[in-house]
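What follows is the content of my_file.pdb (PDB, C-alpha atoms).
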ATOM      1  CA  MET A  21       0.000   0.000   0.000
ATOM      2  CA  SER A  22       1.394   3.396  -0.967
ATOM      3  CA  VAL A  23       0.879   6.538   1.187
ATOM      4  CA  SER A  24       1.242  10.079  -0.073
ATOM      5  CA  VAL A  25       2.799  12.576   2.261
ATOM      6  CA  VAL A  26       3.454  16.302   2.087
ATOM      7  CA  ALA A  27       5.627  18.547   4.147
ATOM      8  CA  PRO A  28       3.657  20.964   6.373
ATOM      9  CA  ARG A  29       4.013  24.671   5.729
ATOM     10  CA  ARG A  30       2.507  27.928   6.974
ATOM     11  CA  ALA A  31      -0.673  28.932   5.154
ATOM     12  CA  ASP A  32      -0.669  32.074   3.113
ATOM     13  CA  GLY A  33      -2.922  34.887   4.506
ATOM     14  CA  PRO A  34      -5.468  34.708   7.349
ATOM     15  CA  THR A  35      -7.821  31.792   7.839
ATOM     16  CA  ASP A  36     -11.550  32.617   8.062
ATOM     17  CA  LEU A  37     -13.692  30.725  10.549
ATOM     18  CA  MET A  38     -17.413  30.894   9.775
ATOM     19  CA  LEU A  39     -19.714  30.542  12.798
ATOM     20  CA  PRO A  40     -23.536  30.973  13.005
ATOM     21  CA  SER A  41     -24.672  34.189  14.750
ATOM     22  CA  ASN A  42     -27.404  36.776  14.895
ATOM     23  CA  ILE A  43     -27.606  40.512  15.520
ATOM     24  CA  GLN A  44     -29.838  41.855  18.264
ATOM     25  CA  ALA A  45     -30.240  45.348  19.664
ATOM     26  CA  ILE A  46     -29.177  45.947  23.232
ATOM     27  CA  GLU A  47     -32.508  47.621  23.885
ATOM     28  CA  GLU A  48     -35.629  47.945  21.736
ATOM     29  CA  THR A  49     -38.640  50.065  22.637
ATOM     30  CA  ALA A  50     -42.102  50.131  21.077
ATOM     31  CA  ILE A  51     -43.683  53.594  20.844
ATOM     32  CA  TYR A  52     -47.466  53.760  21.254
ATOM     33  CA  ALA A  53     -49.782  56.765  21.128
ATOM     34  CA  ARG A  54     -51.060  58.198  24.411
ATOM     35  CA  THR A  55     -54.169  59.609  22.762
ATOM     36  CA  THR A  56     -56.482  58.713  19.891
ATOM     37  CA  GLY A  57     -56.372  60.788  16.722
ATOM     38  CA  TYR A  58     -55.069  61.168  13.189
ATOM     39  CA  VAL A  59     -51.438  61.425  12.148
ATOM     40  CA  ARG A  60     -50.843  64.953  10.838
ATOM     41  CA  GLU A  61     -47.086  64.717  10.319
ATOM     42  CA  ARG A  62     -44.462  61.995  10.497
ATOM     43  CA  TYR A  63     -40.980  63.299  11.235
ATOM     44  CA  VAL A  64     -38.847  60.121  11.057
ATOM     45  CA  ASP A  65     -38.557  56.947   9.020
ATOM     46  CA  ILE A  66     -36.828  53.574   9.246
ATOM     47  CA  GLY A  67     -33.094  53.972   9.720
ATOM     48  CA  ASP A  68     -33.216  57.453  11.218
ATOM     49  CA  ARG A  69     -31.275  58.056  14.412
ATOM     50  CA  VAL A  70     -33.330  59.819  17.074
ATOM     51  CA  ALA A  71     -32.502  61.342  20.427
ATOM     52  CA  ALA A  72     -34.454  60.744  23.612
ATOM     53  CA  GLY A  73     -37.533  62.951  23.743
ATOM     54  CA  LYS A  74     -37.459  63.823  20.046
ATOM     55  CA  ALA A  75     -40.888  64.287  18.452
ATOM     56  CA  LEU A  76     -41.538  61.428  16.049
ATOM     57  CA  ALA A  77     -45.012  62.372  14.802
ATOM     58  CA  GLN A  78     -47.759  64.944  15.304
ATOM     59  CA  ILE A  79     -51.320  63.846  16.042
ATOM     60  CA  ASP A  80     -54.622  65.658  15.513
ATOM     61  CA  THR A  81     -57.076  64.897  18.347
ATOM     62  CA  PRO A  82     -60.545  66.255  17.427
ATOM     63  CA  GLU A  83     -62.361  63.764  19.662
ATOM     64  CA  LEU A  84     -60.129  64.611  22.609
ATOM     65  CA  ASP A  85     -60.726  68.323  22.052
ATOM     66  CA  GLN A  86     -64.475  67.732  22.062
ATOM     67  CA  GLU A  87     -64.228  65.573  25.157
ATOM     68  CA  LEU A  88     -62.235  68.294  26.910
ATOM     69  CA  SER A  89     -64.891  70.886  26.034
ATOM     70  CA  GLN A  90     -67.598  68.633  27.432
ATOM     71  CA  ALA A  91     -65.573  68.021  30.580
ATOM     72  CA  ARG A  92     -65.132  71.750  31.123
ATOM     73  CA  ALA A  93     -68.864  72.294  30.658
ATOM     74  CA  SER A  94     -69.568  69.505  33.130
ATOM     75  CA  LEU A  95     -67.145  71.090  35.597
ATOM     76  CA  ALA A  96     -68.916  74.446  35.293
ATOM     77  CA  GLN A  97     -72.240  72.715  35.884
ATOM     78  CA  THR A  98     -71.000  70.862  38.964
ATOM     79  CA  ARG A  99     -69.520  74.079  40.367
ATOM     80  CA  SER A 100     -72.870  75.793  39.844
ATOM     81  CA  GLY A 101     -74.559  72.905  41.630
ATOM     82  CA  LEU A 102     -72.106  73.228  44.513
ATOM     83  CA  ALA A 103     -72.778  76.964  44.806
ATOM     84  CA  GLN A 104     -76.529  76.308  44.850
ATOM     85  CA  ALA A 105     -76.143  73.561  47.466
ATOM     86  CA  GLU A 106     -74.043  75.846  49.666
ATOM     87  CA  ALA A 107     -76.626  78.628  49.304
ATOM     88  CA  ASN A 108     -79.399  76.219  50.267
ATOM     89  CA  LEU A 109     -77.411  75.097  53.285
ATOM     90  CA  THR A 110     -76.797  78.684  54.403
ATOM     91  CA  GLN A 111     -80.500  79.505  54.039
ATOM     92  CA  ALA A 112     -81.480  76.380  55.960
ATOM     93  CA  GLN A 113     -79.078  77.258  58.785
ATOM     94  CA  ALA A 114     -80.603  80.754  58.943
ATOM     95  CA  ASN A 115     -84.077  79.190  59.045
ATOM     96  CA  VAL A 116     -83.017  76.991  61.951
ATOM     97  CA  GLN A 117     -81.824  80.032  63.877
ATOM     98  CA  GLN A 118     -85.117  81.784  63.221
ATOM     99  CA  ALA A 119     -87.076  78.700  64.228
ATOM    100  CA  ARG A 120     -85.114  78.431  67.462
ATOM    101  CA  ALA A 121     -85.884  82.066  68.243
ATOM    102  CA  SER A 122     -89.580  81.356  67.645
ATOM    103  CA  LEU A 123     -89.294  78.311  69.902
ATOM    104  CA  GLU A 124     -87.811  80.380  72.704
ATOM    105  CA  GLN A 125     -90.605  82.909  72.314
ATOM    106  CA  SER A 126     -93.191  80.138  72.371
ATOM    107  CA  LYS A 127     -91.657  78.674  75.503
ATOM    108  CA  ALA A 128     -91.736  82.090  77.165
ATOM    109  CA  THR A 129     -95.376  82.513  76.205
ATOM    110  CA  GLU A 130     -96.087  79.008  77.480
ATOM    111  CA  GLY A 131     -94.428  79.790  80.813
ATOM    112  CA  PHE A 132     -96.404  82.992  81.222
ATOM    113  CA  ALA A 133     -99.653  81.253  80.274
ATOM    114  CA  GLY A 134     -98.902  78.445  82.739
ATOM    115  CA  ALA A 135     -98.230  80.847  85.574
ATOM    116  CA  THR A 136    -101.399  82.797  84.785
ATOM    117  CA  ALA A 137    -103.467  79.613  84.601
ATOM    118  CA  GLY A 138    -102.065  78.532  87.990
ATOM    119  CA  ARG A 139    -102.996  81.806  89.632
ATOM    120  CA  PHE A 140    -106.534  81.757  88.225
ATOM    121  CA  THR A 141    -106.953  78.157  89.337
ATOM    122  CA  ARG A 142    -106.068  79.109  92.912
ATOM    123  CA  LEU A 143    -108.378  82.128  92.772
ATOM    124  CA  GLU A 144    -111.099  79.917  91.352
ATOM    125  CA  ARG A 145    -110.784  77.560  94.320
ATOM    126  CA  ALA A 146    -111.209  80.540  96.632
ATOM    127  CA  ASP A 147    -114.269  81.651  94.638
ATOM    128  CA  LEU A 148    -112.547  84.937  93.785
ATOM    129  CA  VAL A 149    -112.839  84.619  89.992
ATOM    130  CA  ALA A 150    -115.422  83.156  87.729
ATOM    131  CA  HIS A 151    -114.995  79.626  86.443
ATOM    132  CA  GLN A 152    -115.211  81.053  82.919
ATOM    133  CA  ASP A 153    -112.127  83.192  83.443
ATOM    134  CA  ALA A 154    -110.149  80.297  84.946
ATOM    135  CA  ASP A 155    -111.130  78.019  82.061
ATOM    136  CA  GLU A 156    -109.982  80.628  79.554
ATOM    137  CA  LYS A 157    -106.558  80.874  81.223
ATOM    138  CA  ARG A 158    -106.142  77.114  81.309
ATOM    139  CA  THR A 159    -107.153  76.915  77.630
ATOM    140  CA  ALA A 160    -104.641  79.632  76.776
ATOM    141  CA  PHE A 161    -101.963  77.649  78.637
ATOM    142  CA  ALA A 162    -102.806  74.453  76.707
ATOM    143  CA  THR A 163    -102.709  76.373  73.432
ATOM    144  CA  ALA A 164     -99.319  77.891  74.283
ATOM    145  CA  ARG A 165     -97.977  74.454  75.185
ATOM    146  CA  ALA A 166     -99.178  73.048  71.843
ATOM    147  CA  ILE A 167     -97.570  75.956  69.996
ATOM    148  CA  SER A 168     -94.268  75.260  71.791
ATOM    149  CA  ALA A 169     -94.439  71.590  70.872
ATOM    150  CA  ALA A 170     -95.077  72.502  67.241
ATOM    151  CA  ALA A 171     -92.173  74.977  67.306
ATOM    152  CA  GLN A 172     -89.891  72.301  68.745
ATOM    153  CA  ALA A 173     -90.929  69.849  66.028
ATOM    154  CA  ASN A 174     -90.286  72.525  63.424
ATOM    155  CA  VAL A 175     -86.779  73.115  64.795
ATOM    156  CA  ASP A 176     -86.044  69.375  64.759
ATOM    157  CA  ALA A 177     -87.260  69.067  61.166
ATOM    158  CA  MET A 178     -85.191  72.043  60.038
ATOM    159  CA  GLN A 179     -82.139  70.685  61.799
ATOM    160  CA  ALA A 180     -82.562  67.388  59.983
ATOM    161  CA  ASN A 181     -82.891  69.324  56.728
ATOM    162  CA  VAL A 182     -79.630  71.108  57.503
ATOM    163  CA  GLY A 183     -77.951  67.729  57.918
ATOM    164  CA  ALA A 184     -79.318  66.524  54.583
ATOM    165  CA  LEU A 185     -78.220  69.722  52.838
ATOM    166  CA  GLY A 186     -74.778  69.396  54.411
ATOM    167  CA  ALA A 187     -74.492  65.917  52.894
ATOM    168  CA  SER A 188     -75.606  67.354  49.543
ATOM    169  CA  VAL A 189     -72.861  69.974  49.765
ATOM    170  CA  GLU A 190     -70.237  67.311  50.442
ATOM    171  CA  ALA A 191     -71.525  65.254  47.511
ATOM    172  CA  ALA A 192     -71.410  68.342  45.287
ATOM    173  CA  ARG A 193     -67.830  69.034  46.387
ATOM    174  CA  ALA A 194     -66.841  65.466  45.571
ATOM    175  CA  SER A 195     -68.479  65.826  42.158
ATOM    176  CA  VAL A 196     -66.556  69.056  41.528
ATOM    177  CA  ALA A 197     -63.296  67.371  42.549
ATOM    178  CA  ALA A 198     -63.986  64.467  40.176
ATOM    179  CA  SER A 199     -64.825  66.858  37.330
ATOM    180  CA  GLU A 200     -61.667  68.885  37.984
ATOM    181  CA  ALA A 201     -59.564  65.720  37.950
ATOM    182  CA  ASN A 202     -61.138  64.661  34.651
ATOM    183  CA  VAL A 203     -60.417  68.073  33.115
ATOM    184  CA  GLN A 204     -56.814  67.945  34.322
ATOM    185  CA  ARG A 205     -56.397  64.452  32.846
ATOM    186  CA  LEU A 206     -57.737  65.532  29.477
ATOM    187  CA  MET A 207     -55.647  68.701  29.524
ATOM    188  CA  ALA A 208     -52.540  66.602  30.174
ATOM    189  CA  LEU A 209     -53.373  64.554  27.080
ATOM    190  CA  ALA A 210     -54.292  67.625  25.041
ATOM    191  CA  VAL A 211     -50.827  69.136  25.519
ATOM    192  CA  LEU A 212     -49.220  65.971  24.117
ATOM    193  CA  PRO A 213     -50.130  66.153  20.421
ATOM    194  CA  GLU A 214     -46.745  64.704  19.490
ATOM    195  CA  ALA A 215     -45.618  61.102  19.849
ATOM    196  CA  GLY A 216     -42.082  60.924  21.175
ATOM    197  CA  GLY A 217     -39.624  58.320  22.330
ATOM    198  CA  ALA A 218     -38.062  58.049  25.755
ATOM    199  CA  VAL A 219     -34.815  56.465  24.490
ATOM    200  CA  ARG A 220     -32.295  57.261  21.797
ATOM    201  CA  GLY A 221     -31.553  54.871  19.000
ATOM    202  CA  ILE A 222     -32.454  53.917  15.438
ATOM    203  CA  ILE A 223     -35.963  53.607  14.015
ATOM    204  CA  THR A 224     -36.358  49.957  13.022
ATOM    205  CA  VAL A 225     -40.128  49.800  12.458
ATOM    206  CA  ARG A 226     -42.593  52.430  11.221
ATOM    207  CA  GLY A 227     -46.245  51.509  11.458
ATOM    208  CA  ILE A 228     -47.961  54.770  10.477
ATOM    209  CA  ASP A 229     -48.386  57.171   7.595
ATOM    210  CA  ARG A 230     -49.904  60.628   7.335
ATOM    211  CA  GLY A 231     -53.671  60.593   7.823
ATOM    212  CA  ALA A 232     -53.706  57.237   9.595
ATOM    213  CA  LEU A 233     -56.147  56.772  12.477
ATOM    214  CA  ILE A 234     -54.392  55.642  15.635
ATOM    215  CA  THR A 235     -55.731  54.620  19.021
ATOM    216  CA  SER A 236     -54.166  55.143  22.405
ATOM    217  CA  GLY A 237     -52.687  52.377  24.503
ATOM    218  CA  SER A 238     -50.759  49.185  23.909
ATOM    219  CA  GLY A 239     -53.452  46.556  24.375
ATOM    220  CA  THR A 240     -53.753  43.230  22.623
ATOM    221  CA  GLY A 241     -53.522  43.641  18.867
ATOM    222  CA  ALA A 242     -52.370  47.261  19.049
ATOM    223  CA  MET A 243     -49.615  48.070  16.575
ATOM    224  CA  PRO A 244     -46.826  50.392  17.737
ATOM    225  CA  LEU A 245     -46.242  53.618  15.875
ATOM    226  CA  PHE A 246     -42.497  53.043  15.856
ATOM    227  CA  ARG A 247     -39.849  50.768  17.268
ATOM    228  CA  ILE A 248     -36.550  52.226  18.410
ATOM    229  CA  ALA A 249     -33.452  50.067  18.839
ATOM    230  CA  ARG A 250     -30.451  51.154  20.878
ATOM    231  CA  VAL A 251     -27.214  49.685  19.546
ATOM    232  CA  GLU A 252     -23.576  49.872  20.568
ATOM    233  CA  THR A 253     -20.595  49.132  18.329
ATOM    234  CA  PHE A 254     -17.425  47.405  19.546
ATOM    235  CA  ALA A 255     -15.595  50.708  19.239
ATOM    236  CA  SER A 256     -17.843  52.269  21.844
ATOM    237  CA  SER A 257     -17.087  49.527  24.371
ATOM    238  CA  SER A 258     -14.634  50.244  27.146
ATOM    239  CA  MET A 259     -10.951  49.432  26.790
ATOM    240  CA  SER A 260     -11.120  47.292  29.885
ATOM    241  CA  ARG A 261     -13.668  45.068  28.156
ATOM    242  CA  ARG A 262     -11.330  44.639  25.167
ATOM    243  CA  ARG A 263      -8.388  43.933  27.419
ATOM    244  CA  SER A 264     -10.352  41.211  29.197
ATOM    245  CA  PHE A 265     -10.569  39.263  25.902
ATOM    246  CA  ALA A 266      -6.892  39.816  24.911
ATOM    247  CA  PRO A 267      -4.737  36.658  24.745
ATOM    248  CA  SER A 268      -2.092  36.251  27.367
TER
END

Let me see the file written as C-alpha cells.
Amino acid sequence: MSVSVVAPRRADGPTDLMLPSNIQAIEETAIYARTTGYVRERYVDIGDRVAAGKALAQIDTPELDQELSQARASLAQTRSGLAQAEANLTQAQANVQQARASLEQSKATEGFAGATAGRFTRLERADLVAHQDADEKRTAFATARAISAAAQANVDAMQANVGALGASVEAARASVAASEANVQRLMALAVLPEAGGAVRGIITVRGIDRGALITSGSGTGAMPLFRIARVETFASSSMSRRRSFAPS
C-alpha cells in the first residue's frame, strides 16, 4: 500500500472561521400613542437616528378636544350645583336660627300662660274669679304648650334638613373634585399632540403614515407607531472590556 505525504508549511494569509450568529439590539422600545387621533405629520422613518424625547409624529385629536370641552362644561355645571347647594345650606341654617328664636318665644309665652293659669286656678278655688275666666286661662296655657311643641318639632325638622343639605354639599364638592380631575387628565393629554420616544436609537419599524387613524394604549392587537433600537458598536465599548478578551 502506498501513502502520499506532504511537508507541512505555513498557510498564506489569514484563515476565516465561519460561525452561526445573529444581531440583536441591546434595547428595543415600542412607541405607542397616548391619545387617539389622526397622524398629521411623520418626522422620522426607518433607519433614522433619534434622540431621547425627540418628536416622532404629530397627532390631531378632534375627539379629545371635544371631550375636553364637554368636561369643562360639566365642571362648570357641577360648580354651579355646589354653589346652589351651599346657598341652600346657608338659608337652611338661617331658618333653623329663626325657628329656634320662635321656639324660645313660644316657651316664654307658654311659661307665662302656665303661671297665669295657675294663679286663676287658685283664685277659682277661693271663689274669687269666675270659672269662665279660669277656664280661659287654662285653655290659653294648653294652646301655648301646643304651639311650643309645634315649634320644637319645626326646629327638629329644620335641623334634619340642615344635615341633609350638608351631605348634599359634600356630595357636590366630591363631584366638583372628580370633574376637575377629569379636566386635568384631558388637559394633560391635550398638551401631548406629538408622539415621542423616551430612548435614543435607530428607528427599526414604522407603522404609520400621514392621515392614519391611531388609538391610544398598547393593548392586545395594538400596533406600535415606531420601534426604536439602541445599539452599541465594539468601538464604543470600554478598553477594559477589550483587554479582558486579549490573549495572554

task = For each of A:Asn174, A:Thr98, A:Thr235, A:Ser122, take the minimum atom-to-atom distance to A:Leu84, counting all atoms listed in the file, then give the residue where this is smallest.
result =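 That would be A:Thr235, the residue with the smallest distance to A:Leu84.
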
task = List, as a ChimeraX atom specification, every residue that the PyMOL selection byres ((chain A and resi 69-83) around 9) selects in the file provided.
result = /A:53,55-68,84-88,210,212-223,234,245-246,248

ask   = If you apply the PyMOL selection byres ((chain A and resi 101-116) around 7) to this file, what residues do you get, as a PyMOL selection string?
value = chain A and resi 97-100+117-120+175+178-179+182+185-186+188-189+192-193

query = Can you tell me how far atom CA of A:Ile51 sits from atom CA of A:Asn202, in Å to one decimal?
reply =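 Between atom CA of A:Ile51 and atom CA of A:Asn202 the gap is 24.9 Å.
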
task = Given the file shown, determine the residues that the PyMOL selection byres ((chain A and resi 153-155) around 7) selects; report them as a ChimeraX atom specification.
result = /A:137,140-141,144,149-152,156-159

request  = Rounded to one decimal place, report the atom CA of A:Gln172-atom CA of A:Arg139 distance in Å.
outcome  = 26.4 Å

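The smallest atom-to-atom distance between A:Ala197 and any of A:Ala96, A:Ala27, A:Ile43, A:Ala171, using all atoms listed in the file, is found for A:Ala96.
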
request  = Provide the atom CA of A:Val203 to atom CA of A:Arg92 distance in Å, to one decimal place.
outcome  =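 Computed distance, atom CA of A:Val203 to atom CA of A:Arg92, equals 6.3 Å.
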
query = Which one is closest to A:Phe132: A:Ala180, A:Ala146, A:Val225, A:Ala164? Count all atoms listed in the file.
reply = A:Ala164

message = Applying 7 Å and all atoms listed in the file, which residues near A:Leu95 remain after dropping the ones on its own chain fewer than 4 positions away? List them as a VMD selection string.
response = chain A and resid 91 99 196 199 to 200
